[in-house]
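J.: Just so it is clear, I am handing over input.tsv, which has TSV, C-alpha atoms.
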```tsv
chain	number	residue	atom	x	y	z
A	1	MET	CA	137.39	-10.48	72.51
A	2	ARG	CA	137.38	-10.12	68.76
A	3	HIS	CA	133.68	-10.92	68.60
A	4	LEU	CA	132.61	-7.93	70.68
A	5	PRO	CA	130.74	-5.11	68.94
A	6	ALA	CA	132.54	-2.93	66.44
A	7	HIS	CA	132.86	0.21	68.48
A	8	LEU	CA	135.22	-1.52	70.91
A	9	LEU	CA	137.75	-1.55	68.08
A	10	THR	CA	137.86	2.23	68.12
A	11	LEU	CA	138.54	2.14	71.83
A	12	ALA	CA	141.25	-0.49	71.46
A	13	LEU	CA	143.09	1.62	68.91
A	14	LEU	CA	142.72	4.67	71.13
A	15	ALA	CA	144.13	2.75	74.08
A	16	LEU	CA	147.09	1.55	72.01
A	17	THR	CA	147.76	5.13	70.95
A	18	LEU	CA	147.62	6.58	74.45
A	19	HIS	CA	149.01	3.74	76.54
A	20	ALA	CA	152.42	5.40	76.76
A	21	ASP	CA	152.06	7.12	80.13
A	22	ALA	CA	148.38	8.06	80.12
A	23	ALA	CA	145.48	6.83	82.23
A	24	LEU	CA	142.23	6.17	80.39
A	25	VAL	CA	138.72	5.17	81.40
A	26	ALA	CA	136.22	4.55	78.61
A	27	ASP	CA	132.54	3.83	79.25
A	28	ILE	CA	130.78	2.43	76.17
A	29	ASN	CA	127.00	2.21	75.87
A	30	LEU	CA	126.56	-0.55	73.32
A	31	ASP	CA	122.78	-0.31	73.27
A	32	ARG	CA	123.14	3.29	72.10
A	33	LEU	CA	125.81	2.46	69.54
A	34	ARG	CA	123.67	-0.32	68.04
A	35	GLN	CA	121.21	2.42	67.06
A	36	ALA	CA	123.79	4.13	64.82
A	37	PRO	CA	122.88	4.06	61.11
A	38	GLU	CA	126.08	2.25	60.15
A	39	ALA	CA	125.96	-0.31	62.99
A	40	GLY	CA	124.47	-3.11	60.88
A	41	ASP	CA	127.04	-2.76	58.10
A	42	VAL	CA	129.91	-2.59	60.56
A	43	GLN	CA	128.71	-5.70	62.41
A	44	ALA	CA	128.33	-7.60	59.14
A	45	ARG	CA	131.88	-6.77	58.14
A	46	LEU	CA	133.17	-7.76	61.57
A	47	ASP	CA	131.29	-11.05	61.44
A	48	ALA	CA	133.04	-11.82	58.16
A	49	MET	CA	136.41	-11.32	59.89
A	50	ILE	CA	135.71	-13.61	62.85
A	51	PRO	CA	138.19	-16.51	62.78
A	52	PRO	CA	136.96	-20.11	63.29
A	53	GLN	CA	138.07	-20.26	66.94
A	54	ALA	CA	136.10	-17.14	67.82
A	55	GLN	CA	133.08	-18.52	65.97
A	56	GLU	CA	133.32	-21.66	68.08
A	57	ARG	CA	133.40	-19.59	71.27
A	58	LEU	CA	130.34	-17.65	70.17
A	59	ALA	CA	128.54	-20.90	69.42
A	60	ALA	CA	129.49	-22.25	72.86
A	61	LEU	CA	128.15	-19.13	74.59
A	62	ALA	CA	124.89	-19.47	72.68
A	63	GLU	CA	124.56	-23.19	73.42
A	64	HIS	CA	125.45	-23.18	77.11
A	65	PHE	CA	124.30	-19.74	78.26
A	66	ASP	CA	121.81	-18.60	75.60
A	67	CYS	CA	124.03	-15.56	75.16
A	68	ASP	CA	125.44	-13.70	72.19
A	69	PRO	CA	127.68	-10.73	73.16
A	70	ARG	CA	126.81	-8.99	69.90
A	71	ARG	CA	123.22	-8.84	71.13
A	72	ASP	CA	123.31	-9.14	74.91
A	73	LEU	CA	126.34	-7.09	75.97
A	74	HIS	CA	124.98	-3.70	77.05
A	75	ARG	CA	127.93	-1.82	78.48
A	76	VAL	CA	131.72	-2.08	78.51
A	77	VAL	CA	134.03	-0.09	80.76
A	78	VAL	CA	137.75	-0.24	80.00
A	79	SER	CA	140.18	1.13	82.60
A	80	LEU	CA	143.77	1.60	81.49
A	81	PRO	CA	146.22	2.90	84.11
A	82	ASP	CA	149.19	5.00	83.07
A	83	GLN	CA	151.43	2.10	84.05
A	84	GLY	CA	150.10	-1.44	84.08
A	85	ALA	CA	147.49	-3.65	82.48
A	86	PRO	CA	143.87	-2.75	81.66
A	87	THR	CA	140.71	-4.15	83.18
A	88	ILE	CA	137.52	-4.68	81.22
A	89	ARG	CA	134.08	-4.62	82.81
A	90	LEU	CA	131.27	-6.30	80.89
A	91	ILE	CA	127.61	-5.63	81.66
A	92	GLY	CA	125.03	-7.96	80.18
A	93	LEU	CA	126.83	-11.29	80.02
A	94	PRO	CA	125.71	-14.08	82.40
A	95	ALA	CA	128.72	-13.46	84.63
A	96	GLU	CA	127.87	-15.77	87.52
A	97	ALA	CA	126.93	-18.64	85.21
A	98	ILE	CA	130.17	-18.24	83.25
A	99	ALA	CA	132.18	-18.10	86.49
A	100	ALA	CA	130.51	-21.31	87.68
A	101	ALA	CA	131.43	-23.02	84.42
A	102	LEU	CA	135.04	-21.82	84.70
A	103	ALA	CA	135.15	-23.11	88.29
A	104	MET	CA	134.61	-26.62	86.95
A	105	ARG	CA	137.77	-26.30	84.85
A	106	SER	CA	140.20	-24.78	87.35
A	107	ALA	CA	140.47	-23.49	90.90
A	108	GLY	CA	139.61	-19.90	91.62
A	109	GLN	CA	141.96	-17.28	93.04
A	110	PRO	CA	141.13	-14.76	95.78
A	111	VAL	CA	141.00	-11.23	94.40
A	112	LEU	CA	139.53	-7.79	95.10
A	113	GLY	CA	139.34	-8.23	98.85
A	114	GLY	CA	137.22	-11.37	99.10
A	115	LEU	CA	135.94	-12.17	95.61
A	116	THR	CA	137.06	-15.07	93.44
A	117	GLY	CA	138.53	-14.89	89.95
A	118	TYR	CA	138.70	-17.79	87.49
A	119	PRO	CA	141.31	-18.17	84.72
A	120	LEU	CA	140.09	-17.79	81.17
A	121	PRO	CA	140.64	-20.98	79.13
A	122	ASN	CA	142.97	-19.42	76.56
A	123	ARG	CA	144.39	-16.70	78.81
A	124	PRO	CA	145.47	-18.32	82.11
A	125	ASN	CA	147.02	-15.07	83.34
A	126	ALA	CA	143.66	-13.30	82.97
A	127	LEU	CA	140.83	-13.81	85.45
A	128	LEU	CA	137.09	-13.36	85.16
A	129	VAL	CA	135.41	-12.11	88.33
A	130	ALA	CA	131.63	-12.12	88.69
A	131	LEU	CA	130.62	-8.89	90.42
A	132	GLY	CA	126.94	-9.69	89.95
A	133	PRO	CA	124.62	-11.91	87.90
A	134	HIS	CA	125.36	-9.90	84.72
A	135	ASP	CA	128.43	-7.90	85.74
A	136	ALA	CA	131.87	-9.35	84.97
A	137	LEU	CA	135.36	-7.96	85.39
A	138	ILE	CA	138.34	-9.29	83.44
A	139	GLY	CA	141.88	-8.36	84.41
A	140	ARG	CA	145.38	-9.61	84.98
A	141	ALA	CA	145.54	-12.13	87.81
A	142	ASP	CA	148.51	-10.70	89.70
A	143	LEU	CA	147.12	-7.16	89.67
A	144	LEU	CA	143.61	-8.17	90.74
A	145	ALA	CA	145.11	-10.15	93.62
A	146	LYS	CA	146.74	-6.97	94.95
A	147	GLU	CA	143.48	-5.03	95.08
A	148	THR	CA	141.86	-4.99	98.53
A	149	SER	CA	138.35	-3.88	97.59
A	150	ARG	CA	135.82	-4.54	94.86
A	151	PRO	CA	135.25	-1.97	92.11
A	152	ALA	CA	132.76	0.81	92.77
A	153	THR	CA	129.21	0.55	91.51
A	154	LEU	CA	128.97	2.00	88.02
A	155	PRO	CA	127.00	5.23	87.60
A	156	PRO	CA	123.77	5.05	85.61
A	157	LEU	CA	124.13	5.25	81.85
A	158	ASP	CA	122.97	8.31	79.98
A	159	PRO	CA	120.84	6.80	77.18
A	160	GLN	CA	121.90	9.63	74.84
A	161	VAL	CA	125.64	9.00	75.27
A	162	GLY	CA	127.41	6.30	73.26
A	163	VAL	CA	130.99	6.69	74.45
A	164	HIS	CA	132.42	8.60	77.42
A	165	VAL	CA	136.20	8.69	77.69
A	166	ARG	CA	138.38	10.38	80.31
A	167	ILE	CA	142.13	10.65	79.82
A	168	VAL	CA	144.74	11.86	82.28
A	169	PRO	CA	148.14	12.19	80.57
A	170	GLY	CA	151.24	11.08	82.45
A	171	HIS	CA	154.61	12.80	82.58
A	172	HIS	CA	155.81	11.58	79.18
A	173	PRO	CA	152.80	11.24	76.86
A	174	LEU	CA	153.22	9.95	73.35
A	175	HIS	CA	151.81	13.11	71.76
A	176	ASP	CA	153.53	16.42	72.47
A	177	ALA	CA	150.26	18.36	72.79
A	178	LEU	CA	149.23	16.19	75.74
A	179	THR	CA	152.06	17.64	77.83
A	180	LEU	CA	149.90	20.77	78.04
A	181	VAL	CA	146.81	18.84	79.17
A	182	LYS	CA	145.82	18.13	82.77
A	183	ASP	CA	142.84	16.00	81.81
A	184	LEU	CA	140.59	15.43	78.82
A	185	GLU	CA	137.00	14.24	78.61
A	186	LEU	CA	135.35	13.13	75.39
A	187	VAL	CA	131.64	12.43	74.98
A	188	SER	CA	130.09	11.03	71.80
A	189	ASP	CA	126.40	10.43	71.25
A	190	GLY	CA	127.21	7.62	68.82
A	191	MET	CA	125.35	9.38	66.00
A	192	GLY	CA	128.00	11.94	65.07
A	193	GLY	CA	127.71	14.41	67.93
A	194	LEU	CA	131.04	14.98	69.65
A	195	ARG	CA	132.12	17.10	72.60
A	196	MET	CA	135.61	17.27	74.06
A	197	SER	CA	136.40	19.13	77.28
A	198	VAL	CA	140.05	19.84	78.00
A	199	THR	CA	141.59	21.27	81.16
A	200	ALA	CA	145.11	22.57	80.59
A	201	HIS	CA	147.73	22.90	83.29
A	202	SER	CA	147.51	26.68	83.05
A	203	GLU	CA	145.85	29.45	81.08
A	204	ALA	CA	149.06	29.83	79.06
A	205	ASP	CA	148.93	26.14	78.13
A	206	ALA	CA	145.29	26.55	77.11
A	207	GLN	CA	146.27	29.48	74.88
A	208	GLU	CA	148.99	27.35	73.29
A	209	LEU	CA	146.52	24.54	72.61
A	210	SER	CA	144.13	27.04	71.03
A	211	LYS	CA	146.94	28.37	68.81
A	212	ARG	CA	147.81	24.84	67.71
A	213	TYR	CA	144.17	24.19	66.83
A	214	ASP	CA	144.05	27.33	64.70
A	215	ALA	CA	147.39	26.51	63.05
A	216	LEU	CA	146.20	23.01	62.19
A	217	ARG	CA	143.01	24.39	60.67
A	218	ASP	CA	145.06	26.81	58.56
A	219	LEU	CA	147.44	24.07	57.44
A	220	SER	CA	144.64	21.70	56.51
A	221	SER	CA	143.04	24.31	54.27
A	222	SER	CA	146.32	25.28	52.58
A	223	ALA	CA	147.59	23.91	49.28
A	224	ALA	CA	150.24	21.87	51.12
A	225	GLY	CA	147.66	20.39	53.47
A	226	GLN	CA	145.45	19.30	50.59
A	227	VAL	CA	148.10	16.90	49.27
A	228	LEU	CA	148.74	15.23	52.65
A	229	PRO	CA	146.03	12.60	53.29
A	230	GLY	CA	146.33	12.71	57.06
A	231	ILE	CA	146.18	16.50	57.23
A	232	GLN	CA	143.35	16.54	54.70
A	233	ARG	CA	141.26	14.15	56.82
A	234	MET	CA	142.03	16.21	59.93
A	235	GLY	CA	140.94	19.33	58.07
A	236	ARG	CA	137.59	17.77	57.21
A	237	LEU	CA	137.08	17.00	60.89
A	238	LEU	CA	138.17	20.44	62.11
A	239	ALA	CA	135.88	22.09	59.57
A	240	VAL	CA	132.81	20.79	61.43
A	241	THR	CA	134.04	21.65	64.93
A	242	THR	CA	134.28	24.81	67.00
A	243	LEU	CA	136.68	25.58	69.85
A	244	GLN	CA	135.91	27.81	72.82
A	245	ARG	CA	138.32	28.74	75.61
A	246	ASP	CA	137.56	29.96	79.13
A	247	GLY	CA	140.72	30.36	81.17
A	248	GLU	CA	142.47	26.99	81.31
A	249	HIS	CA	139.38	25.17	79.99
A	250	LEU	CA	138.72	24.44	76.32
A	251	THR	CA	135.64	22.90	74.72
A	252	LEU	CA	135.68	21.39	71.25
A	253	ALA	CA	132.28	20.50	69.84
A	254	GLY	CA	130.83	19.47	66.51
A	255	THR	CA	128.70	17.04	64.56
A	256	ILE	CA	130.58	14.60	62.36
A	257	PRO	CA	128.75	14.06	59.05
A	258	THR	CA	127.86	10.52	58.01
A	259	GLU	CA	130.36	10.40	55.15
A	260	LEU	CA	133.27	11.43	57.34
A	261	ARG	CA	132.21	9.09	60.13
A	262	SER	CA	131.89	6.16	57.73
A	263	ASP	CA	135.31	6.90	56.24
A	264	GLY	CA	136.90	6.77	59.69
A	265	ILE	CA	135.16	3.49	60.56
A	266	ASP	CA	136.25	1.94	57.26
A	267	ARG	CA	139.88	2.86	57.89
A	268	ILE	CA	139.74	1.33	61.37
A	269	LEU	CA	138.22	-1.87	60.01
A	270	ASP	CA	140.79	-2.01	57.19
A	271	ARG	CA	143.55	-1.71	59.75
A	272	LEU	CA	142.00	-4.40	61.95
A	273	GLU	CA	141.53	-6.76	59.01
A	274	GLY	CA	145.17	-6.26	58.05
A	275	ARG	CA	146.36	-7.09	61.57
A	276	MET	CA	144.16	-10.18	61.77
A	277	GLY	CA	145.48	-11.39	58.42
A	278	ARG	CA	149.10	-11.38	59.54
```
Before anything else, please render the file you have as structure tokens.

T.:
Amino acid sequence: MRHLPAHLLTLALLALTLHADAALVADINLDRLRQAPEAGDVQARLDAMIPPQAQERLAALAEHFDCDPRRDLHRVVVSLPDQGAPTIRLIGLPAEAIAAALAMRSAGQPVLGGLTGYPLPNRPNALLVALGPHDALIGRADLLAKETSRPATLPPLDPQVGVHVRIVPGHHPLHDALTLVKDLELVSDGMGGLRMSVTAHSEADAQELSKRYDALRDLSSSAAGQVLPGIQRMGRLLAVTTLQRDGEHLTLAGTIPTELRSDGIDRILDRLEGRMGR
């Protein structure tokens, strides 16, 4: 999946960060994200990282299906349970045509209460299931076989939303602050606008989260915070956000300036390039 659009990388890193006992569903509107000012530069840098095997797969998709995911993939929904393997739903690829091609290579397996999944050539434990002409689901074979019904129809996309993420922490989340959180919803317009809605377990937990937000803002603006790169970056982000609390509900909102957004994307790409070079 390395050839998918750049913003999936952000999601992948987020999933890796939160996979320790947290459920996550991320709905990504790629058509919206392609409108971002930095999208062209990010895609160019990603293209330069694509290894030869991935380039061959892209060429094969173009030749056999007249499809390029960087252009034709419209929506991606990643579901990550608190325990288990993720599923990825891809809207825009020629799902039924790809499934028919896979069927010529290997036998299908019954999944999702009557549908058929076909092993991916380089990932035999992963199946592709065509839910419609341009709606594909990829997941682990053994888990899809246990499901007795097909996934629900996706809700319509909001054309002004780039990424919509919902997180439900488990009993032992990786980050201590998440022990106070019942659920968290993050919405980004893909152009810098960001809104995060948090429901705490109680009003006292919401108060504690608010105190931690204030303490982090104070630390980031202190002399000590200015010499710590991570705290300094966090301070730049907090400086353009506001936090409001109503009972056990908190809302964090802000507009991330272009410079700060570009810096974050560059760091993600640097990290990805380092991992791919290992």

J.: Using only C-alpha atoms, can you tell me which of A:Asp66, A:Arg32, A:Gly114, A:Ala44 comes closest to Glu147 of chain A?

T.: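 Among A:Asp66, A:Arg32, A:Gly114, A:Ala44, it is A:Gly114 that comes nearest to Glu147 of chain A.
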
J.: Given the choices A:Leu250, A:Ala152, A:Leu157, A:Leu243, which gets closest to Leu180 of chain A if the distance is worked out from only C-alpha atoms?

T.: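 Of A:Leu250, A:Ala152, A:Leu157, A:Leu243, the one nearest Leu180 of chain A is A:Leu250, counting only C-alpha atoms.
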
J.: Quick one, how far is atom CA of Arg217 of chain A from atom CA of Asp189 of chain A?

T.: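 Atom CA of Arg217 of chain A sits 24.1 Å away from atom CA of Asp189 of chain A.
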
J.: Can you pull out every residue within 10 Å of Ala107 of chain A, counting only C-alpha atoms, but drop anything in the same chain fewer than 4 positions away, and send it as a PyMOL selection string?

T.: chain A and resi 102-103+116-119

J.: If I take atom CA of Ile91 of chain A and atom CA of Val168 of chain A, how far is one from the other in Å, to one decimal?

T.: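 Computed distance, atom CA of Ile91 of chain A to atom CA of Val168 of chain A, equals 24.5 Å.
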
J.: Name the residues in contact with Thr242 of chain A at a cut-off of 10 Å, using all atoms listed in the file, excluding same-chain residues fewer than 4 positions from it; report them as a ChimeraX atom specification.

T.: /A:195,213,238,251-255

J.: What is the atom CA of Thr241 of chain A to atom CA of His171 of chain A distance in Å?

T.: 28.5 Å

J.: For Pro69 of chain A, which residue among A:Ala39, A:Leu30, A:Val163, A:Ala100 is the nearest when counting all atoms listed in the file?

T.: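 Among the listed residues, the smallest separation from Pro69 of chain A belongs to A:Leu30.
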
J.: Skip Glu208 of chain A itself and residues of its chain fewer than 2 positions away, then list as an mmCIF file with C-alpha atoms, in the frame of the given file all residues within 12 Å of it, counting all atoms listed in the file.

T.:
```cif
data_model
loop_
_atom_site.group_PDB
_atom_site.id
_atom_site.type_symbol
_atom_site.label_atom_id
_atom_site.label_comp_id
_atom_site.auth_asym_id
_atom_site.auth_seq_id
_atom_site.Cartn_x
_atom_site.Cartn_y
_atom_site.Cartn_z
ATOM 1 C CA ASP A 176 153.530 16.420 72.470
ATOM 2 C CA ALA A 177 150.260 18.360 72.790
ATOM 3 C CA LEU A 178 149.230 16.190 75.740
ATOM 4 C CA THR A 179 152.060 17.640 77.830
ATOM 5 C CA LEU A 180 149.900 20.770 78.040
ATOM 6 C CA VAL A 181 146.810 18.840 79.170
ATOM 7 C CA ALA A 200 145.110 22.570 80.590
ATOM 8 C CA HIS A 201 147.730 22.900 83.290
ATOM 9 C CA SER A 202 147.510 26.680 83.050
ATOM 10 C CA GLU A 203 145.850 29.450 81.080
ATOM 11 C CA ALA A 204 149.060 29.830 79.060
ATOM 12 C CA ASP A 205 148.930 26.140 78.130
ATOM 13 C CA ALA A 206 145.290 26.550 77.110
ATOM 14 C CA SER A 210 144.130 27.040 71.030
ATOM 15 C CA LYS A 211 146.940 28.370 68.810
ATOM 16 C CA ARG A 212 147.810 24.840 67.710
ATOM 17 C CA TYR A 213 144.170 24.190 66.830
ATOM 18 C CA ASP A 214 144.050 27.330 64.700
ATOM 19 C CA ALA A 215 147.390 26.510 63.050
ATOM 20 C CA ARG A 245 138.320 28.740 75.610
ATOM 21 C CA GLY A 247 140.720 30.360 81.170
ATOM 22 C CA GLU A 248 142.470 26.990 81.310
ATOM 23 C CA HIS A 249 139.380 25.170 79.990
ATOM 24 C CA LEU A 250 138.720 24.440 76.320
#
```

J.: Please determine, counting all atoms listed in the file, which residue among A:Lys146, A:Ala136, A:Glu96, A:Asn125 has the shortest atom-to-atom distance to Gly113 of chain A.

T.: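 Counting all atoms listed in the file, the residue closest to Gly113 of chain A is A:Lys146.
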
J.: Could you tell me which of A:Gly192, A:Pro169, A:Pro37, A:Pro94 comes closest to His74 of chain A if we count all atoms listed in the file?

T.: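 With all atoms listed in the file as the atom set, the closest residue is A:Pro94.
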
J.: Generate a file for segment 27-72 of chain A, containing C-alpha atoms, as a JSON list (two decimals), in the first residue's frame.

T.:
```json
[["chain", "number", "residue", "atom", "x", "y", "z"],
["A", 27, "ASP", "CA", -12.54, 8.00, 7.25],
["A", 28, "ILE", "CA", -10.29, 9.77, 4.73],
["A", 29, "ASN", "CA", -11.64, 11.89, 1.88],
["A", 30, "LEU", "CA", -8.79, 11.78, -0.62],
["A", 31, "ASP", "CA", -10.51, 14.05, -3.13],
["A", 32, "ARG", "CA", -10.58, 16.76, -0.47],
["A", 33, "LEU", "CA", -6.98, 16.16, 0.60],
["A", 34, "ARG", "CA", -5.77, 16.41, -3.00],
["A", 35, "GLN", "CA", -6.95, 20.03, -2.92],
["A", 36, "ALA", "CA", -4.52, 20.91, -0.11],
["A", 37, "PRO", "CA", -1.81, 23.40, -1.15],
["A", 38, "GLU", "CA", 1.01, 21.02, -0.25],
["A", 39, "ALA", "CA", -0.55, 17.92, -1.86],
["A", 40, "GLY", "CA", 1.48, 18.13, -5.08],
["A", 41, "ASP", "CA", 4.82, 18.46, -3.29],
["A", 42, "VAL", "CA", 3.98, 15.64, -0.90],
["A", 43, "GLN", "CA", 2.96, 13.32, -3.75],
["A", 44, "ALA", "CA", 6.14, 14.13, -5.67],
["A", 45, "ARG", "CA", 8.26, 13.24, -2.67],
["A", 46, "LEU", "CA", 6.32, 10.03, -2.12],
["A", 47, "ASP", "CA", 6.69, 9.06, -5.77],
["A", 48, "ALA", "CA", 10.45, 9.41, -5.39],
["A", 49, "MET", "CA", 10.34, 6.92, -2.49],
["A", 50, "ILE", "CA", 8.33, 4.24, -4.30],
["A", 51, "PRO", "CA", 10.47, 1.09, -4.59],
["A", 52, "PRO", "CA", 10.70, -0.78, -7.93],
["A", 53, "GLN", "CA", 8.20, -3.49, -6.90],
["A", 54, "ALA", "CA", 5.55, -0.92, -6.02],
["A", 55, "GLN", "CA", 6.21, 0.89, -9.31],
["A", 56, "GLU", "CA", 5.61, -2.38, -11.13],
["A", 57, "ARG", "CA", 2.31, -2.86, -9.32],
["A", 58, "LEU", "CA", 1.22, 0.65, -10.23],
["A", 59, "ALA", "CA", 2.13, 0.00, -13.85],
["A", 60, "ALA", "CA", 0.14, -3.26, -13.80],
["A", 61, "LEU", "CA", -2.93, -1.49, -12.39],
["A", 62, "ALA", "CA", -2.68, 1.13, -15.12],
["A", 63, "GLU", "CA", -2.20, -1.44, -17.88],
["A", 64, "HIS", "CA", -4.88, -3.94, -16.90],
["A", 65, "PHE", "CA", -7.49, -1.77, -15.19],
["A", 66, "ASP", "CA", -6.76, 1.77, -16.41],
["A", 67, "CYS", "CA", -6.43, 2.71, -12.75],
["A", 68, "ASP", "CA", -3.96, 4.73, -10.73],
["A", 69, "PRO", "CA", -4.77, 4.84, -6.98],
["A", 70, "ARG", "CA", -3.02, 8.20, -6.68],
["A", 71, "ARG", "CA", -5.69, 9.60, -9.00],
["A", 72, "ASP", "CA", -8.69, 7.29, -8.78]]
```
